[in-house]
$ cat final-v8.cif   # mmCIF, N, CA and C atoms
data_final
loop_
_atom_site.label_atom_id
_atom_site.label_comp_id
_atom_site.auth_asym_id
_atom_site.auth_seq_id
_atom_site.Cartn_x
_atom_site.Cartn_y
_atom_site.Cartn_z
N MET A 1 9.34 -1.54 -13.09
CA MET A 1 8.47 -2.68 -13.29
C MET A 1 9.09 -3.56 -14.39
N THR A 2 9.21 -4.85 -14.10
CA THR A 2 9.82 -5.76 -15.06
C THR A 2 8.86 -6.01 -16.23
N PRO A 3 9.40 -6.40 -17.38
CA PRO A 3 8.53 -6.67 -18.53
C PRO A 3 7.49 -7.76 -18.26
N GLN A 4 7.84 -8.76 -17.47
CA GLN A 4 6.89 -9.83 -17.15
C GLN A 4 5.72 -9.30 -16.33
N VAL A 5 6.00 -8.48 -15.33
CA VAL A 5 4.95 -7.89 -14.50
C VAL A 5 4.08 -6.96 -15.35
N LYS A 6 4.72 -6.22 -16.24
CA LYS A 6 3.99 -5.33 -17.13
C LYS A 6 3.04 -6.12 -18.04
N ASN A 7 3.52 -7.25 -18.58
CA ASN A 7 2.68 -8.10 -19.43
C ASN A 7 1.48 -8.64 -18.65
N ILE A 8 1.72 -9.07 -17.42
CA ILE A 8 0.63 -9.57 -16.59
C ILE A 8 -0.38 -8.46 -16.31
N ALA A 9 0.10 -7.27 -16.03
CA ALA A 9 -0.79 -6.14 -15.78
C ALA A 9 -1.64 -5.82 -17.01
N TRP A 10 -1.02 -5.81 -18.19
CA TRP A 10 -1.77 -5.55 -19.42
C TRP A 10 -2.79 -6.65 -19.69
N ASN A 11 -2.41 -7.90 -19.43
CA ASN A 11 -3.34 -9.02 -19.60
C ASN A 11 -4.51 -8.94 -18.63
N THR A 12 -4.23 -8.54 -17.41
CA THR A 12 -5.30 -8.37 -16.42
C THR A 12 -6.25 -7.26 -16.84
N LEU A 13 -5.71 -6.14 -17.29
CA LEU A 13 -6.55 -5.04 -17.77
C LEU A 13 -7.38 -5.49 -18.97
N ALA A 14 -6.76 -6.22 -19.88
CA ALA A 14 -7.49 -6.72 -21.06
C ALA A 14 -8.62 -7.65 -20.63
N PHE A 15 -8.37 -8.50 -19.64
CA PHE A 15 -9.41 -9.42 -19.17
C PHE A 15 -10.57 -8.67 -18.54
N ILE A 16 -10.28 -7.66 -17.77
CA ILE A 16 -11.35 -6.85 -17.15
C ILE A 16 -12.17 -6.16 -18.23
N LEU A 17 -11.50 -5.54 -19.20
CA LEU A 17 -12.22 -4.83 -20.26
C LEU A 17 -13.06 -5.79 -21.11
N MET A 18 -12.51 -6.94 -21.44
CA MET A 18 -13.25 -7.91 -22.25
C MET A 18 -14.38 -8.56 -21.46
N THR A 19 -14.20 -8.74 -20.17
CA THR A 19 -15.29 -9.27 -19.35
C THR A 19 -16.48 -8.31 -19.38
N VAL A 20 -16.22 -7.03 -19.23
CA VAL A 20 -17.30 -6.04 -19.30
C VAL A 20 -17.97 -6.07 -20.68
N ALA A 21 -17.16 -6.13 -21.73
CA ALA A 21 -17.70 -6.12 -23.09
C ALA A 21 -18.57 -7.35 -23.37
N VAL A 22 -18.07 -8.55 -23.03
CA VAL A 22 -18.86 -9.75 -23.32
C VAL A 22 -20.07 -9.86 -22.41
N CYS A 23 -20.01 -9.29 -21.22
CA CYS A 23 -21.18 -9.28 -20.35
C CYS A 23 -22.30 -8.40 -20.92
N ILE A 24 -21.94 -7.32 -21.56
CA ILE A 24 -22.95 -6.47 -22.21
C ILE A 24 -23.62 -7.25 -23.34
N VAL A 25 -22.85 -7.95 -24.14
CA VAL A 25 -23.43 -8.76 -25.21
C VAL A 25 -24.29 -9.87 -24.62
N ASN A 26 -23.82 -10.51 -23.55
CA ASN A 26 -24.58 -11.56 -22.89
C ASN A 26 -25.90 -11.02 -22.38
N TYR A 27 -25.91 -9.85 -21.82
CA TYR A 27 -27.11 -9.20 -21.31
C TYR A 27 -28.16 -9.08 -22.41
N ILE A 28 -27.73 -8.66 -23.58
CA ILE A 28 -28.65 -8.53 -24.72
C ILE A 28 -29.15 -9.91 -25.16
N LEU A 29 -28.26 -10.90 -25.22
CA LEU A 29 -28.67 -12.25 -25.60
C LEU A 29 -29.64 -12.85 -24.59
N GLN A 30 -29.46 -12.57 -23.31
CA GLN A 30 -30.39 -13.06 -22.31
C GLN A 30 -31.78 -12.49 -22.51
N ILE A 31 -31.86 -11.23 -22.86
CA ILE A 31 -33.16 -10.62 -23.13
C ILE A 31 -33.84 -11.36 -24.27
N ILE A 32 -33.10 -11.66 -25.31
CA ILE A 32 -33.66 -12.38 -26.46
C ILE A 32 -34.11 -13.78 -26.03
N ILE A 33 -33.30 -14.50 -25.26
CA ILE A 33 -33.65 -15.84 -24.82
C ILE A 33 -34.89 -15.81 -23.93
N ILE A 34 -34.95 -14.85 -23.03
CA ILE A 34 -36.11 -14.77 -22.14
C ILE A 34 -37.38 -14.52 -22.93
N PHE A 35 -37.32 -13.61 -23.91
CA PHE A 35 -38.51 -13.36 -24.72
C PHE A 35 -38.88 -14.58 -25.55
N MET A 36 -37.88 -15.29 -26.06
CA MET A 36 -38.17 -16.52 -26.82
C MET A 36 -38.84 -17.55 -25.92
N ASP A 37 -38.36 -17.67 -24.68
CA ASP A 37 -38.95 -18.63 -23.74
C ASP A 37 -40.37 -18.25 -23.36
N VAL A 38 -40.61 -16.97 -23.16
CA VAL A 38 -41.95 -16.52 -22.81
C VAL A 38 -42.93 -16.83 -23.95
N PHE A 39 -42.51 -16.55 -25.17
CA PHE A 39 -43.40 -16.79 -26.30
C PHE A 39 -43.57 -18.28 -26.61
N SER A 40 -42.55 -19.08 -26.36
CA SER A 40 -42.64 -20.50 -26.67
C SER A 40 -43.07 -21.34 -25.46
N ARG A 41 -43.14 -20.73 -24.30
CA ARG A 41 -43.57 -21.37 -23.05
C ARG A 41 -42.67 -22.54 -22.66
N ARG A 42 -41.37 -22.38 -22.86
CA ARG A 42 -40.40 -23.41 -22.48
C ARG A 42 -39.54 -22.90 -21.32
N LEU A 43 -40.13 -22.35 -20.33
CA LEU A 43 -39.37 -21.70 -19.26
C LEU A 43 -38.47 -22.66 -18.50
N GLU A 44 -38.80 -23.96 -18.44
CA GLU A 44 -37.96 -24.91 -17.72
C GLU A 44 -36.60 -25.06 -18.38
N GLU A 45 -36.53 -24.92 -19.69
CA GLU A 45 -35.28 -25.09 -20.41
C GLU A 45 -34.37 -23.86 -20.34
N SER A 46 -34.89 -22.74 -19.91
CA SER A 46 -34.09 -21.51 -19.92
C SER A 46 -32.91 -21.58 -18.97
N VAL A 47 -32.98 -22.38 -17.90
CA VAL A 47 -31.86 -22.50 -16.96
C VAL A 47 -30.64 -23.03 -17.69
N ALA A 48 -30.80 -24.09 -18.45
CA ALA A 48 -29.68 -24.66 -19.19
C ALA A 48 -29.16 -23.68 -20.22
N TYR A 49 -30.05 -22.98 -20.91
CA TYR A 49 -29.63 -22.00 -21.89
C TYR A 49 -28.78 -20.91 -21.25
N ILE A 50 -29.22 -20.42 -20.10
CA ILE A 50 -28.51 -19.33 -19.43
C ILE A 50 -27.13 -19.80 -18.97
N ILE A 51 -27.03 -20.99 -18.38
CA ILE A 51 -25.73 -21.49 -17.92
C ILE A 51 -24.80 -21.71 -19.10
N VAL A 52 -25.30 -22.32 -20.17
CA VAL A 52 -24.46 -22.53 -21.36
C VAL A 52 -24.06 -21.20 -21.97
N LEU A 53 -24.98 -20.24 -21.99
CA LEU A 53 -24.66 -18.92 -22.51
C LEU A 53 -23.52 -18.28 -21.72
N TRP A 54 -23.52 -18.44 -20.40
CA TRP A 54 -22.44 -17.88 -19.59
C TRP A 54 -21.13 -18.63 -19.77
N LEU A 55 -21.19 -19.95 -19.95
CA LEU A 55 -19.96 -20.71 -20.26
C LEU A 55 -19.34 -20.22 -21.56
N VAL A 56 -20.17 -20.08 -22.58
CA VAL A 56 -19.69 -19.61 -23.88
C VAL A 56 -19.21 -18.16 -23.78
N THR A 57 -19.88 -17.36 -22.98
CA THR A 57 -19.43 -15.98 -22.78
C THR A 57 -18.04 -15.96 -22.16
N GLY A 58 -17.77 -16.84 -21.21
CA GLY A 58 -16.44 -16.94 -20.61
C GLY A 58 -15.39 -17.36 -21.63
N ILE A 59 -15.75 -18.29 -22.50
CA ILE A 59 -14.82 -18.73 -23.54
C ILE A 59 -14.48 -17.56 -24.47
N PHE A 60 -15.50 -16.85 -24.92
CA PHE A 60 -15.25 -15.70 -25.78
C PHE A 60 -14.50 -14.61 -25.04
N GLY A 61 -14.77 -14.45 -23.75
CA GLY A 61 -14.03 -13.47 -22.96
C GLY A 61 -12.54 -13.75 -22.96
N SER A 62 -12.16 -15.01 -22.84
CA SER A 62 -10.74 -15.39 -22.88
C SER A 62 -10.13 -15.15 -24.25
N VAL A 63 -10.85 -15.53 -25.28
CA VAL A 63 -10.33 -15.37 -26.64
C VAL A 63 -10.14 -13.89 -26.97
N PHE A 64 -11.15 -13.09 -26.66
CA PHE A 64 -11.04 -11.66 -26.96
C PHE A 64 -9.99 -10.98 -26.08
N THR A 65 -9.81 -11.49 -24.87
CA THR A 65 -8.77 -10.95 -23.98
C THR A 65 -7.39 -11.13 -24.60
N THR A 66 -7.13 -12.30 -25.16
CA THR A 66 -5.82 -12.51 -25.77
C THR A 66 -5.61 -11.58 -26.96
N GLY A 67 -6.66 -11.31 -27.72
CA GLY A 67 -6.53 -10.37 -28.83
C GLY A 67 -6.22 -8.97 -28.35
N LEU A 68 -6.94 -8.51 -27.34
CA LEU A 68 -6.69 -7.17 -26.80
C LEU A 68 -5.33 -7.11 -26.12
N ALA A 69 -4.97 -8.16 -25.38
CA ALA A 69 -3.67 -8.18 -24.70
C ALA A 69 -2.53 -8.16 -25.71
N GLU A 70 -2.70 -8.86 -26.82
CA GLU A 70 -1.66 -8.85 -27.86
C GLU A 70 -1.46 -7.43 -28.39
N HIS A 71 -2.56 -6.69 -28.49
CA HIS A 71 -2.46 -5.31 -28.95
C HIS A 71 -1.82 -4.42 -27.88
N LEU A 72 -2.21 -4.59 -26.62
CA LEU A 72 -1.70 -3.74 -25.53
C LEU A 72 -0.24 -4.04 -25.21
N VAL A 73 0.13 -5.32 -25.22
CA VAL A 73 1.48 -5.73 -24.83
C VAL A 73 2.48 -5.46 -25.96
N LYS A 74 2.02 -5.38 -27.15
CA LYS A 74 2.81 -5.28 -28.38
C LYS A 74 3.16 -6.69 -28.82
N LYS A 75 2.89 -6.95 -30.04
CA LYS A 75 2.96 -8.31 -30.60
C LYS A 75 4.29 -9.02 -30.33
N GLU A 76 5.39 -8.32 -30.41
CA GLU A 76 6.69 -8.98 -30.23
C GLU A 76 6.92 -9.44 -28.79
N ASN A 77 6.24 -8.86 -27.81
CA ASN A 77 6.40 -9.24 -26.41
C ASN A 77 5.27 -10.13 -25.89
N PHE A 78 4.29 -10.40 -26.74
CA PHE A 78 3.10 -11.13 -26.31
C PHE A 78 3.35 -12.64 -26.33
N THR A 79 2.86 -13.32 -25.30
CA THR A 79 2.87 -14.79 -25.31
C THR A 79 1.51 -15.29 -24.84
N TYR A 80 1.05 -16.34 -25.46
CA TYR A 80 -0.22 -16.96 -25.05
C TYR A 80 -0.10 -17.56 -23.66
N LYS A 81 1.11 -18.00 -23.32
CA LYS A 81 1.32 -18.63 -22.02
C LYS A 81 1.04 -17.64 -20.88
N VAL A 82 1.60 -16.43 -20.99
CA VAL A 82 1.36 -15.42 -19.95
C VAL A 82 -0.11 -15.03 -19.92
N SER A 83 -0.70 -14.83 -21.09
CA SER A 83 -2.11 -14.45 -21.16
C SER A 83 -3.00 -15.55 -20.59
N GLY A 84 -2.76 -16.79 -21.01
CA GLY A 84 -3.56 -17.91 -20.51
C GLY A 84 -3.40 -18.12 -19.02
N ASN A 85 -2.17 -18.04 -18.52
CA ASN A 85 -1.93 -18.20 -17.09
C ASN A 85 -2.60 -17.10 -16.28
N THR A 86 -2.55 -15.87 -16.78
CA THR A 86 -3.18 -14.75 -16.08
C THR A 86 -4.68 -14.96 -15.97
N ILE A 87 -5.31 -15.31 -17.09
CA ILE A 87 -6.76 -15.54 -17.09
C ILE A 87 -7.11 -16.74 -16.20
N LEU A 88 -6.32 -17.78 -16.27
CA LEU A 88 -6.57 -18.99 -15.47
C LEU A 88 -6.48 -18.70 -13.98
N VAL A 89 -5.47 -17.96 -13.57
CA VAL A 89 -5.31 -17.62 -12.15
C VAL A 89 -6.47 -16.74 -11.68
N ILE A 90 -6.83 -15.74 -12.47
CA ILE A 90 -7.96 -14.88 -12.10
C ILE A 90 -9.24 -15.71 -12.00
N SER A 91 -9.45 -16.61 -12.93
CA SER A 91 -10.66 -17.44 -12.92
C SER A 91 -10.71 -18.34 -11.69
N ILE A 92 -9.61 -18.97 -11.36
CA ILE A 92 -9.59 -19.84 -10.17
C ILE A 92 -9.81 -19.01 -8.92
N LEU A 93 -9.17 -17.84 -8.86
CA LEU A 93 -9.35 -16.97 -7.69
C LEU A 93 -10.77 -16.43 -7.59
N ALA A 94 -11.49 -16.39 -8.69
CA ALA A 94 -12.89 -15.94 -8.67
C ALA A 94 -13.84 -17.09 -8.33
N ILE A 95 -13.54 -18.29 -8.79
CA ILE A 95 -14.44 -19.44 -8.57
C ILE A 95 -14.41 -19.92 -7.12
N ILE A 96 -13.24 -20.00 -6.53
CA ILE A 96 -13.13 -20.56 -5.18
C ILE A 96 -13.98 -19.80 -4.16
N PRO A 97 -13.86 -18.46 -4.06
CA PRO A 97 -14.71 -17.77 -3.08
C PRO A 97 -16.20 -17.86 -3.41
N ALA A 98 -16.53 -17.91 -4.70
CA ALA A 98 -17.95 -18.03 -5.08
C ALA A 98 -18.53 -19.35 -4.58
N ILE A 99 -17.78 -20.43 -4.72
CA ILE A 99 -18.25 -21.74 -4.24
C ILE A 99 -18.38 -21.74 -2.72
N VAL A 100 -17.41 -21.14 -2.05
CA VAL A 100 -17.46 -21.07 -0.58
C VAL A 100 -18.68 -20.26 -0.13
N ILE A 101 -18.91 -19.12 -0.77
CA ILE A 101 -20.05 -18.27 -0.41
C ILE A 101 -21.36 -18.99 -0.73
N MET A 102 -21.42 -19.68 -1.88
CA MET A 102 -22.64 -20.42 -2.24
C MET A 102 -22.89 -21.57 -1.27
N SER A 103 -21.84 -22.23 -0.80
CA SER A 103 -22.02 -23.35 0.13
C SER A 103 -22.56 -22.89 1.48
N LYS A 104 -22.37 -21.63 1.79
CA LYS A 104 -22.90 -21.07 3.04
C LYS A 104 -24.32 -20.52 2.86
N GLY A 105 -24.87 -20.69 1.66
CA GLY A 105 -26.25 -20.28 1.42
C GLY A 105 -26.41 -18.87 0.91
N HIS A 106 -25.32 -18.21 0.60
CA HIS A 106 -25.38 -16.87 0.06
C HIS A 106 -25.04 -16.91 -1.43
N PHE A 107 -25.38 -15.86 -2.15
CA PHE A 107 -24.98 -15.73 -3.56
C PHE A 107 -25.60 -16.84 -4.40
N MET A 108 -26.70 -17.44 -3.89
CA MET A 108 -27.36 -18.49 -4.64
C MET A 108 -28.72 -18.00 -5.10
N HIS A 109 -28.81 -17.69 -6.33
CA HIS A 109 -30.08 -17.30 -6.92
C HIS A 109 -30.39 -18.29 -8.03
N ASN A 110 -31.64 -18.39 -8.36
CA ASN A 110 -32.06 -19.30 -9.41
C ASN A 110 -31.51 -18.81 -10.75
N PRO A 111 -30.79 -19.65 -11.50
CA PRO A 111 -30.27 -19.22 -12.80
C PRO A 111 -31.37 -18.89 -13.79
N LYS A 112 -32.61 -19.36 -13.51
CA LYS A 112 -33.72 -19.07 -14.41
C LYS A 112 -34.07 -17.58 -14.39
N GLU A 113 -33.77 -16.92 -13.28
CA GLU A 113 -34.04 -15.49 -13.18
C GLU A 113 -33.15 -14.73 -14.15
N PHE A 114 -33.55 -13.54 -14.49
CA PHE A 114 -32.72 -12.69 -15.33
C PHE A 114 -31.43 -12.45 -14.57
N THR A 115 -30.31 -12.85 -15.15
CA THR A 115 -29.06 -12.88 -14.38
C THR A 115 -27.99 -12.00 -14.99
N LEU A 116 -27.26 -11.39 -14.12
CA LEU A 116 -26.06 -10.65 -14.49
C LEU A 116 -24.89 -11.29 -13.75
N LEU A 117 -23.70 -11.05 -14.22
CA LEU A 117 -22.53 -11.72 -13.68
C LEU A 117 -22.40 -11.56 -12.17
N LEU A 118 -22.62 -10.38 -11.65
CA LEU A 118 -22.39 -10.13 -10.23
C LEU A 118 -23.58 -10.47 -9.35
N SER A 119 -24.69 -10.94 -9.94
CA SER A 119 -25.89 -11.16 -9.15
C SER A 119 -26.23 -12.62 -8.92
N ASN A 120 -25.45 -13.55 -9.44
CA ASN A 120 -25.84 -14.94 -9.37
C ASN A 120 -24.60 -15.83 -9.26
N GLY A 121 -24.55 -16.66 -8.24
CA GLY A 121 -23.40 -17.52 -8.03
C GLY A 121 -23.19 -18.55 -9.12
N TYR A 122 -24.28 -19.13 -9.62
CA TYR A 122 -24.17 -20.13 -10.69
C TYR A 122 -23.60 -19.50 -11.96
N VAL A 123 -24.06 -18.31 -12.25
CA VAL A 123 -23.60 -17.59 -13.43
C VAL A 123 -22.13 -17.22 -13.26
N TRP A 124 -21.76 -16.77 -12.09
CA TRP A 124 -20.37 -16.39 -11.79
C TRP A 124 -19.44 -17.58 -12.03
N VAL A 125 -19.81 -18.74 -11.48
CA VAL A 125 -18.99 -19.93 -11.64
C VAL A 125 -18.95 -20.36 -13.11
N ALA A 126 -20.09 -20.32 -13.80
CA ALA A 126 -20.14 -20.72 -15.21
C ALA A 126 -19.25 -19.82 -16.07
N TYR A 127 -19.31 -18.51 -15.85
CA TYR A 127 -18.49 -17.59 -16.64
C TYR A 127 -16.99 -17.87 -16.44
N PHE A 128 -16.58 -17.93 -15.18
CA PHE A 128 -15.16 -18.11 -14.91
C PHE A 128 -14.68 -19.53 -15.23
N ALA A 129 -15.58 -20.52 -15.19
CA ALA A 129 -15.19 -21.88 -15.63
C ALA A 129 -14.94 -21.88 -17.13
N GLY A 130 -15.80 -21.19 -17.88
CA GLY A 130 -15.58 -21.08 -19.33
C GLY A 130 -14.30 -20.33 -19.65
N ALA A 131 -14.09 -19.22 -18.95
CA ALA A 131 -12.88 -18.42 -19.19
C ALA A 131 -11.63 -19.20 -18.80
N GLY A 132 -11.67 -19.86 -17.66
CA GLY A 132 -10.51 -20.62 -17.20
C GLY A 132 -10.22 -21.82 -18.09
N GLY A 133 -11.26 -22.50 -18.54
CA GLY A 133 -11.07 -23.64 -19.43
C GLY A 133 -10.43 -23.23 -20.75
N MET A 134 -10.90 -22.13 -21.30
CA MET A 134 -10.31 -21.64 -22.55
C MET A 134 -8.89 -21.14 -22.31
N ALA A 135 -8.65 -20.54 -21.17
CA ALA A 135 -7.30 -20.06 -20.85
C ALA A 135 -6.32 -21.22 -20.75
N ALA A 136 -6.78 -22.36 -20.22
CA ALA A 136 -5.92 -23.53 -20.13
C ALA A 136 -5.52 -24.01 -21.53
N ILE A 137 -6.42 -23.88 -22.48
CA ILE A 137 -6.12 -24.23 -23.87
C ILE A 137 -5.19 -23.18 -24.49
N LEU A 138 -5.50 -21.91 -24.27
CA LEU A 138 -4.73 -20.82 -24.89
C LEU A 138 -3.26 -20.83 -24.46
N ARG A 139 -3.01 -21.19 -23.22
CA ARG A 139 -1.62 -21.11 -22.73
C ARG A 139 -0.72 -22.14 -23.40
N ASN A 140 -1.30 -23.11 -24.06
CA ASN A 140 -0.51 -24.12 -24.78
C ASN A 140 -0.28 -23.78 -26.24
N LEU A 141 -0.75 -22.63 -26.71
CA LEU A 141 -0.60 -22.27 -28.12
C LEU A 141 0.80 -21.81 -28.47
N ASP A 142 1.62 -21.48 -27.48
CA ASP A 142 3.00 -21.04 -27.77
C ASP A 142 3.92 -22.19 -28.14
N LYS A 143 3.53 -23.40 -27.87
CA LYS A 143 4.41 -24.56 -28.09
C LYS A 143 4.53 -24.90 -29.55
#
$ encode --input "final-v8.cif" --output "structure tokens"
Amino acid sequence: MTPQVKNIAWNTLAFILMTVAVCIVNYILQIIIIFMDVFSRRLEESVAYIIVLWLVTGIFGSVFTTGLAEHLVKKENFTYKVSGNTILVISILAIIPAIVIMSKGHFMHNPKEFTLLLSNGYVWVAYFAGAGGMAAILRNLDK
């Protein structure tokens, strides 16, 4: 296995691990937001909060992925370009089928509902849009 392929594999593993980690944190934050909305009776605004929360979760997922990937790849072999490109490609590959499935009427649930990454198309797109957007920024840090 070439060093480049090995770096991509480590970056992919780091992205998967960090996605799971930030989703757990997001799950806890959603519980807090839902309880705040129930007590304040602002349920109409919770949709925007949830979508923004998932965008921010994707951004943090990318940032934490680069930190973990730097540790896994070893600092002297790590590049932001490889890490950013890996996250960006995964994000694009995740968004495209989600949009296609949503356009056919599947995978579309109300974002106002208690949402997890794999249960809601809007959340899925928001998470990977945040991750991909941050990855596009991260890949330019090597310059």
$ resolve_selection --input "final-v8.cif" --expression "the PyMOL selection byres ((chain A and resi 3-17) around 8)" --output "list in words"
Met1, Thr2, Met18, Thr19, Val20, Ala21, Val22, Cys23, Gly61, Ser62, Phe64, Thr65, Thr66, Gly67, Leu68, Ala69, Glu70, Leu72, Val73, Asn77, Phe78, Thr79, Val82, Ser83, Gly84, Thr86 and Ile87 of chain A
$ closest_residue --input "final-v8.cif" --among "A:Ala131, A:Val125, A:Ile33, A:Ile51" --to "Ile95 (chain A)" --atoms "only C-alpha atoms"
A:Val125
$ atom_distance --input "final-v8.cif" --atom1 "atom C of Ala129 (chain A)" --atom2 "atom C of Ser103 (chain A)"
20.1 Å
$ select_by_dssp --input "final-v8.cif" --residues "chain A" --states "alpha helix (DSSP H)" --output "number ranges by chain"
A: 3-40, 46-73, 80-103, 121-138
$ residues_around --input "final-v8.cif" --residues "Leu138 (chain A)" --least-positions-apart "4" --cutoff "6.5 Å" --atoms "only N, CA and C atoms" --output "number ranges by chain"
A: 80-81, 84, 133-134, 142
$ atom_distance --input "final-v8.cif" --atom1 "CA of Ile92 (chain A)" --atom2 "atom C of Gln30 (chain A)"
26.4 Å
$ atom_distance --input "final-v8.cif" --atom1 "CA of Leu53 (chain A)" --atom2 "atom C of Asn26 (chain A)"
8.0 Å
$ build_atoms --input "final-v8.cif" --residues "region 87-103 of chain A" --atoms "N, CA, C and O atoms" --output "PDB file, keeping the file's coordinate frame"
ATOM      1  N   ILE A  87      -5.310 -15.310 -17.090  1.00  0.00           N
ATOM      2  CA  ILE A  87      -6.760 -15.540 -17.090  1.00  0.00           C
ATOM      3  C   ILE A  87      -7.110 -16.740 -16.200  1.00  0.00           C
ATOM      4  O   ILE A  87      -8.091 -16.697 -15.451  1.00  0.00           O
ATOM      5  N   LEU A  88      -6.320 -17.780 -16.270  1.00  0.00           N
ATOM      6  CA  LEU A  88      -6.570 -18.990 -15.470  1.00  0.00           C
ATOM      7  C   LEU A  88      -6.480 -18.700 -13.980  1.00  0.00           C
ATOM      8  O   LEU A  88      -7.349 -19.116 -13.202  1.00  0.00           O
ATOM      9  N   VAL A  89      -5.470 -17.960 -13.570  1.00  0.00           N
ATOM     10  CA  VAL A  89      -5.310 -17.620 -12.150  1.00  0.00           C
ATOM     11  C   VAL A  89      -6.470 -16.740 -11.680  1.00  0.00           C
ATOM     12  O   VAL A  89      -7.058 -16.983 -10.615  1.00  0.00           O
ATOM     13  N   ILE A  90      -6.830 -15.740 -12.470  1.00  0.00           N
ATOM     14  CA  ILE A  90      -7.960 -14.880 -12.100  1.00  0.00           C
ATOM     15  C   ILE A  90      -9.240 -15.710 -12.000  1.00  0.00           C
ATOM     16  O   ILE A  90     -10.037 -15.530 -11.060  1.00  0.00           O
ATOM     17  N   SER A  91      -9.450 -16.610 -12.930  1.00  0.00           N
ATOM     18  CA  SER A  91     -10.660 -17.440 -12.920  1.00  0.00           C
ATOM     19  C   SER A  91     -10.710 -18.340 -11.690  1.00  0.00           C
ATOM     20  O   SER A  91     -11.758 -18.441 -11.043  1.00  0.00           O
ATOM     21  N   ILE A  92      -9.610 -18.970 -11.360  1.00  0.00           N
ATOM     22  CA  ILE A  92      -9.590 -19.840 -10.170  1.00  0.00           C
ATOM     23  C   ILE A  92      -9.810 -19.010  -8.920  1.00  0.00           C
ATOM     24  O   ILE A  92     -10.573 -19.408  -8.030  1.00  0.00           O
ATOM     25  N   LEU A  93      -9.170 -17.840  -8.860  1.00  0.00           N
ATOM     26  CA  LEU A  93      -9.350 -16.970  -7.690  1.00  0.00           C
ATOM     27  C   LEU A  93     -10.770 -16.430  -7.590  1.00  0.00           C
ATOM     28  O   LEU A  93     -11.213 -16.045  -6.511  1.00  0.00           O
ATOM     29  N   ALA A  94     -11.490 -16.390  -8.690  1.00  0.00           N
ATOM     30  CA  ALA A  94     -12.890 -15.940  -8.670  1.00  0.00           C
ATOM     31  C   ALA A  94     -13.840 -17.090  -8.330  1.00  0.00           C
ATOM     32  O   ALA A  94     -14.857 -16.878  -7.659  1.00  0.00           O
ATOM     33  N   ILE A  95     -13.540 -18.290  -8.790  1.00  0.00           N
ATOM     34  CA  ILE A  95     -14.440 -19.440  -8.570  1.00  0.00           C
ATOM     35  C   ILE A  95     -14.410 -19.920  -7.120  1.00  0.00           C
ATOM     36  O   ILE A  95     -15.469 -20.202  -6.542  1.00  0.00           O
ATOM     37  N   ILE A  96     -13.240 -20.000  -6.530  1.00  0.00           N
ATOM     38  CA  ILE A  96     -13.130 -20.560  -5.180  1.00  0.00           C
ATOM     39  C   ILE A  96     -13.980 -19.800  -4.160  1.00  0.00           C
ATOM     40  O   ILE A  96     -14.783 -20.408  -3.456  1.00  0.00           O
ATOM     41  N   PRO A  97     -13.860 -18.460  -4.060  1.00  0.00           N
ATOM     42  CA  PRO A  97     -14.710 -17.770  -3.080  1.00  0.00           C
ATOM     43  C   PRO A  97     -16.200 -17.860  -3.410  1.00  0.00           C
ATOM     44  O   PRO A  97     -17.032 -17.912  -2.508  1.00  0.00           O
ATOM     45  N   ALA A  98     -16.530 -17.910  -4.700  1.00  0.00           N
ATOM     46  CA  ALA A  98     -17.950 -18.030  -5.080  1.00  0.00           C
ATOM     47  C   ALA A  98     -18.530 -19.350  -4.580  1.00  0.00           C
ATOM     48  O   ALA A  98     -19.642 -19.381  -4.052  1.00  0.00           O
ATOM     49  N   ILE A  99     -17.780 -20.430  -4.720  1.00  0.00           N
ATOM     50  CA  ILE A  99     -18.250 -21.740  -4.240  1.00  0.00           C
ATOM     51  C   ILE A  99     -18.380 -21.740  -2.720  1.00  0.00           C
ATOM     52  O   ILE A  99     -19.350 -22.255  -2.171  1.00  0.00           O
ATOM     53  N   VAL A 100     -17.410 -21.140  -2.050  1.00  0.00           N
ATOM     54  CA  VAL A 100     -17.460 -21.070  -0.580  1.00  0.00           C
ATOM     55  C   VAL A 100     -18.680 -20.260  -0.130  1.00  0.00           C
ATOM     56  O   VAL A 100     -19.434 -20.680   0.751  1.00  0.00           O
ATOM     57  N   ILE A 101     -18.910 -19.120  -0.770  1.00  0.00           N
ATOM     58  CA  ILE A 101     -20.050 -18.270  -0.410  1.00  0.00           C
ATOM     59  C   ILE A 101     -21.360 -18.990  -0.730  1.00  0.00           C
ATOM     60  O   ILE A 101     -22.310 -18.950   0.060  1.00  0.00           O
ATOM     61  N   MET A 102     -21.420 -19.680  -1.880  1.00  0.00           N
ATOM     62  CA  MET A 102     -22.640 -20.420  -2.240  1.00  0.00           C
ATOM     63  C   MET A 102     -22.890 -21.570  -1.270  1.00  0.00           C
ATOM     64  O   MET A 102     -24.040 -21.858  -0.933  1.00  0.00           O
ATOM     65  N   SER A 103     -21.840 -22.230  -0.800  1.00  0.00           N
ATOM     66  CA  SER A 103     -22.020 -23.350   0.130  1.00  0.00           C
ATOM     67  C   SER A 103     -22.560 -22.890   1.480  1.00  0.00           C
ATOM     68  O   SER A 103     -23.137 -23.689   2.213  1.00  0.00           O
TER      69      SER A 103
END
